[in-house]
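Okay, so here's the structure we're looking at.
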Amino acid sequence: MIVMQPVLEIHESDGFGLWPVVGVESFGFLPLSGELSPAEVGTAVMGIARCNDIDPDGDRPPRPADALDSFLHGLLTFDSLFAAGGLRVTDTSTGVIFLPGCCDGLEDWRDWHQLVDGGSLLGFGHEPVSPVAERFGDIVRLTVNVEQSDSPVIEVSVGELRNLLTGAARDLADFLALAAEWASSHLPGHCAPVTAALARIVDLPAPTLPSEA
């Protein structure tokens, strides 16, 4: 069985105190779906905000002094947002796992459709680990690391991959709805812009905010 999950890479969570988070192993992956606990949603929002927590340059307003506003500043002011992670594919029959690489973040997850529709090769990283996805007719081959001649691979039909991508989009939409609810409780003063920023990252319509229901 082939399983695809949108995942977010979390670099660290220890010592974070702006809202409740769960402990995640550094550089571990947090699957995103509608089944996350509030603390797991908080961890995801922390991870995404941290990816974009970069000091402003001349094109953005200065960083606010308030700790919360400062931490969210990049998420709310960057034109091009980034989220470490992507789509993780697991072959449960062999145990082979195809992980997102460093060169194609969660915000680029729709690139998989280019592979399905046009056959474009997708490279997700570079040395020492270079995951690659290639289409050969009606089969897509996922090579865990093309730097290794004997790298494990996962093969999936184009039709099944389309279904997997539909499921991944559903997981992201469900996560986004959860995140909107979470933000209304934990970031009431920033709910709308945070939800809008998360929607931009996953390239899906922003859900109706709880206060507007």
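Following the order of the structure tokens, first chain is A, next is B, and so on, with residues numbered from 1 inside each chain and ligands from 1 in the order they appear.
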(request) as a count of residues only, please: all residues of stretch 79-196 of chain A that backbone DSSP puts in strand (DSSP E). (result) 27
(request) Identify, on the basis of only C-alpha atoms, every residue whose closest approach to A:Pro207 does not exceed 10 Å; exclude the query and any residue fewer than 2 positions from it along the same chain; express the result as a list in words. (result)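 Residues near the query, excluding close chain neighbours: Ala173, Asp174, Leu176, Ala177, Leu178, Ala179, Ala180, Glu181, Ala192, Thr195, Ala196, Ala199, Leu204, Pro205, Leu209 and Pro210 of chain A.
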(request) Please report, as an MDAnalysis selection string, each residue of stretch 34-206 of chain A to which DSSP assigns alpha helix (DSSP H) when run on this structure's backbone. (result) chainID A and resid 38:51 67:77 111:118 158:186 191:202
(message) Could you tell me how far atom CA of A:Ala39 sits from atom CA of A:Val21, in Å to one decimal place?
(response)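 Straight-line distance from atom CA of A:Val21 to atom CA of A:Ala39 works out to 4.6 Å.
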(message) Give me, as a ChimeraX atom specification, all polymer residues having an atom no more than 8 Å from A:Glu155, counting only C-alpha atoms and skipping those fewer than 6 positions away in the same chain.
(response) /A:139-142
(request) Please identify all polymer residues within 8 Å of A:Glu134, counting only C-alpha atoms, omitting same-chain residues fewer than 2 positions from it, and present them as a list in words. (result)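 In the requested form, the answer reads Leu115, Gly119, Ser120, Leu121, Leu122, Val132, Phe136, Val140, Arg141 and Leu142 of chain A.
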Export of prior selection with N, CA, C and O atoms as a short mmCIF file (atom, residue, chain, number, x, y, z; two decimals), in the first residue's frame:
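Saved the output as again06.cif:
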```
data_model
loop_
_atom_site.label_atom_id
_atom_site.label_comp_id
_atom_site.auth_asym_id
_atom_site.auth_seq_id
_atom_site.Cartn_x
_atom_site.Cartn_y
_atom_site.Cartn_z
N LEU A 115 4.42 16.79 -12.63
CA LEU A 115 4.94 15.46 -12.91
C LEU A 115 3.85 14.55 -13.47
O LEU A 115 4.05 13.85 -14.47
N GLY A 119 4.82 15.05 -17.05
CA GLY A 119 5.97 14.16 -17.04
C GLY A 119 7.28 14.83 -16.65
O GLY A 119 8.35 14.25 -16.83
N SER A 120 7.22 16.07 -16.13
CA SER A 120 8.44 16.77 -15.76
C SER A 120 9.13 16.08 -14.59
O SER A 120 8.49 15.72 -13.60
N LEU A 121 10.43 15.91 -14.71
CA LEU A 121 11.21 15.34 -13.60
C LEU A 121 11.20 16.32 -12.44
O LEU A 121 11.37 17.53 -12.63
N LEU A 122 11.02 15.80 -11.23
CA LEU A 122 11.06 16.63 -10.03
C LEU A 122 12.25 16.24 -9.18
O LEU A 122 12.39 15.08 -8.78
N VAL A 132 14.32 12.13 -6.10
CA VAL A 132 13.88 12.47 -7.46
C VAL A 132 12.63 11.68 -7.79
O VAL A 132 12.51 10.49 -7.46
N PHE A 136 7.61 7.40 -16.09
CA PHE A 136 7.94 6.51 -17.20
C PHE A 136 6.63 5.91 -17.71
O PHE A 136 6.14 4.91 -17.16
N VAL A 140 5.15 6.16 -12.15
CA VAL A 140 6.02 7.17 -11.55
C VAL A 140 6.98 6.47 -10.60
O VAL A 140 6.55 5.68 -9.74
N ARG A 141 8.26 6.73 -10.78
CA ARG A 141 9.28 6.14 -9.92
C ARG A 141 9.84 7.21 -8.99
O ARG A 141 10.29 8.26 -9.44
N LEU A 142 9.79 6.92 -7.71
CA LEU A 142 10.34 7.81 -6.68
C LEU A 142 11.64 7.21 -6.18
O LEU A 142 11.63 6.15 -5.54
#
```
(message) For a quick check of understanding, using only C-alpha atoms, which of A:Leu30, A:Met4, A:Ala49, A:Leu106 has the smallest distance to A:Leu68?
(response)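 Of A:Leu30, A:Met4, A:Ala49, A:Leu106, the one nearest A:Leu68, counting only C-alpha atoms, is A:Ala49.
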(request) Excluding A:Pro152 and any residue of its chain fewer than 4 positions from it, enumerate the residues within 9 Å of it, using only C-alpha atoms, and give them as an NGL selection string. (result) :A and (96-98 or 142-145 or 148)
Residue selection dump (C-alpha atoms) as a PDB file, in the first residue's frame:
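What ended up in result.pdb:
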```
ATOM      1  CA  VAL A  96      10.577   2.442   1.882  1.00  0.00           C
ATOM      2  CA  ILE A  97       9.947   6.116   2.682  1.00  0.00           C
ATOM      3  CA  PHE A  98      10.356   8.919   0.153  1.00  0.00           C
ATOM      4  CA  LEU A 142      10.338   7.812  -6.685  1.00  0.00           C
ATOM      5  CA  THR A 143      14.048   7.384  -6.016  1.00  0.00           C
ATOM      6  CA  VAL A 144      14.944   8.058  -2.396  1.00  0.00           C
ATOM      7  CA  ASN A 145      18.475   9.215  -3.226  1.00  0.00           C
ATOM      8  CA  GLN A 148      23.238   6.078  -4.499  1.00  0.00           C
TER       9      GLN A 148
END
```
(message) Quick one: residues within 10 Å of A:Trp109, only C-alpha atoms, excluding same-chain residues fewer than 6 positions away - as a ChimeraX atom specification?
(response) /A:6,85-87,100,165,168-169,201-203
Save out the residues we just selected, C-alpha atoms, as a PDB file, in the first residue's frame.
```
ATOM      1  CA  PRO A   6       1.753  16.333   3.660  1.00  0.00           C
ATOM      2  CA  GLY A  85       8.511  19.905   4.337  1.00  0.00           C
ATOM      3  CA  GLY A  86       6.408  18.622   1.482  1.00  0.00           C
ATOM      4  CA  LEU A  87       4.753  15.334   0.589  1.00  0.00           C
ATOM      5  CA  PRO A 100      10.733  15.714   1.069  1.00  0.00           C
ATOM      6  CA  LEU A 165      -2.605  13.928  -4.465  1.00  0.00           C
ATOM      7  CA  ALA A 168      -3.076  15.141   0.247  1.00  0.00           C
ATOM      8  CA  ALA A 169      -5.057  18.210  -0.807  1.00  0.00           C
ATOM      9  CA  ILE A 201       1.553  28.486   1.800  1.00  0.00           C
ATOM     10  CA  VAL A 202      -0.601  25.452   1.043  1.00  0.00           C
ATOM     11  CA  ASP A 203      -2.114  27.188  -2.009  1.00  0.00           C
TER      12      ASP A 203
END
```
(message) Excluding A:Pro20 and its own-chain neighbours fewer than 2 positions away, which residues fall within 9 Å of it when counting only C-alpha atoms? Please give them as a PyMOL selection string.
(response) chain A and resi 16-18+22+38-40+42-43+186
Kindly export the residues of the current selection with all heavy atoms, as a tab-separated table (two decimals), in the first residue's frame.
```tsv
chain	number	residue	atom	x	y	z
A	16	PHE	N	10.05	26.95	23.47
A	16	PHE	CA	9.08	27.86	22.85
A	16	PHE	C	7.95	28.13	23.82
A	16	PHE	O	7.37	27.19	24.38
A	16	PHE	CB	8.54	27.25	21.56
A	16	PHE	CG	7.61	28.16	20.80
A	16	PHE	CD1	8.11	29.16	20.00
A	16	PHE	CD2	6.23	28.01	20.91
A	16	PHE	CE1	7.25	30.01	19.29
A	16	PHE	CE2	5.37	28.84	20.23
A	16	PHE	CZ	5.88	29.84	19.41
A	17	GLY	N	7.61	29.41	24.03
A	17	GLY	CA	6.63	29.72	25.06
A	17	GLY	C	5.51	30.65	24.65
A	17	GLY	O	4.75	31.10	25.52
A	18	LEU	N	5.37	30.93	23.36
A	18	LEU	CA	4.33	31.88	22.95
A	18	LEU	C	2.95	31.24	22.93
A	18	LEU	O	1.94	31.94	23.05
A	18	LEU	CB	4.67	32.46	21.58
A	18	LEU	CG	5.91	33.37	21.53
A	18	LEU	CD1	6.18	33.81	20.09
A	18	LEU	CD2	5.71	34.58	22.44
A	22	VAL	N	3.85	20.74	21.12
A	22	VAL	CA	4.25	19.41	21.54
A	22	VAL	C	5.74	19.25	21.27
A	22	VAL	O	6.33	19.95	20.44
A	22	VAL	CB	3.48	18.30	20.79
A	22	VAL	CG1	2.00	18.37	21.11
A	22	VAL	CG2	3.71	18.38	19.29
A	38	PRO	N	-4.87	20.38	19.35
A	38	PRO	CA	-4.56	21.82	19.35
A	38	PRO	C	-3.07	22.10	19.52
A	38	PRO	O	-2.53	22.99	18.85
A	38	PRO	CB	-5.38	22.35	20.53
A	38	PRO	CG	-6.55	21.42	20.62
A	38	PRO	CD	-6.00	20.06	20.27
A	39	ALA	N	-2.40	21.36	20.38
A	39	ALA	CA	-0.97	21.58	20.59
A	39	ALA	C	-0.17	21.21	19.34
A	39	ALA	O	0.87	21.83	19.04
A	39	ALA	CB	-0.46	20.80	21.79
A	40	GLU	N	-0.62	20.19	18.61
A	40	GLU	CA	0.06	19.83	17.36
A	40	GLU	C	-0.15	20.90	16.29
A	40	GLU	O	0.78	21.21	15.52
A	40	GLU	CB	-0.43	18.47	16.87
A	40	GLU	CG	0.08	17.30	17.71
A	40	GLU	CD	-0.56	15.99	17.33
A	40	GLU	OE1	-1.74	15.98	16.90
A	40	GLU	OE2	0.12	14.95	17.46
A	42	GLY	N	-0.57	24.01	17.00
A	42	GLY	CA	0.32	25.07	17.46
A	42	GLY	C	1.76	24.81	17.07
A	42	GLY	O	2.51	25.74	16.73
A	43	THR	N	2.16	23.56	17.11
A	43	THR	CA	3.52	23.20	16.70
A	43	THR	C	3.72	23.46	15.22
A	43	THR	O	4.77	23.96	14.80
A	43	THR	CB	3.79	21.72	17.01
A	43	THR	OG1	3.57	21.47	18.40
A	43	THR	CG2	5.22	21.33	16.66
A	186	HIS	N	-6.08	31.01	20.03
A	186	HIS	CA	-4.75	31.28	20.55
A	186	HIS	C	-4.12	32.56	20.02
A	186	HIS	O	-3.21	33.11	20.64
A	186	HIS	CB	-3.82	30.10	20.23
A	186	HIS	CG	-4.18	28.84	20.96
A	186	HIS	ND1	-5.13	27.96	20.49
A	186	HIS	CD2	-3.73	28.31	22.13
A	186	HIS	CE1	-5.25	26.95	21.34
A	186	HIS	NE2	-4.41	27.13	22.33
```
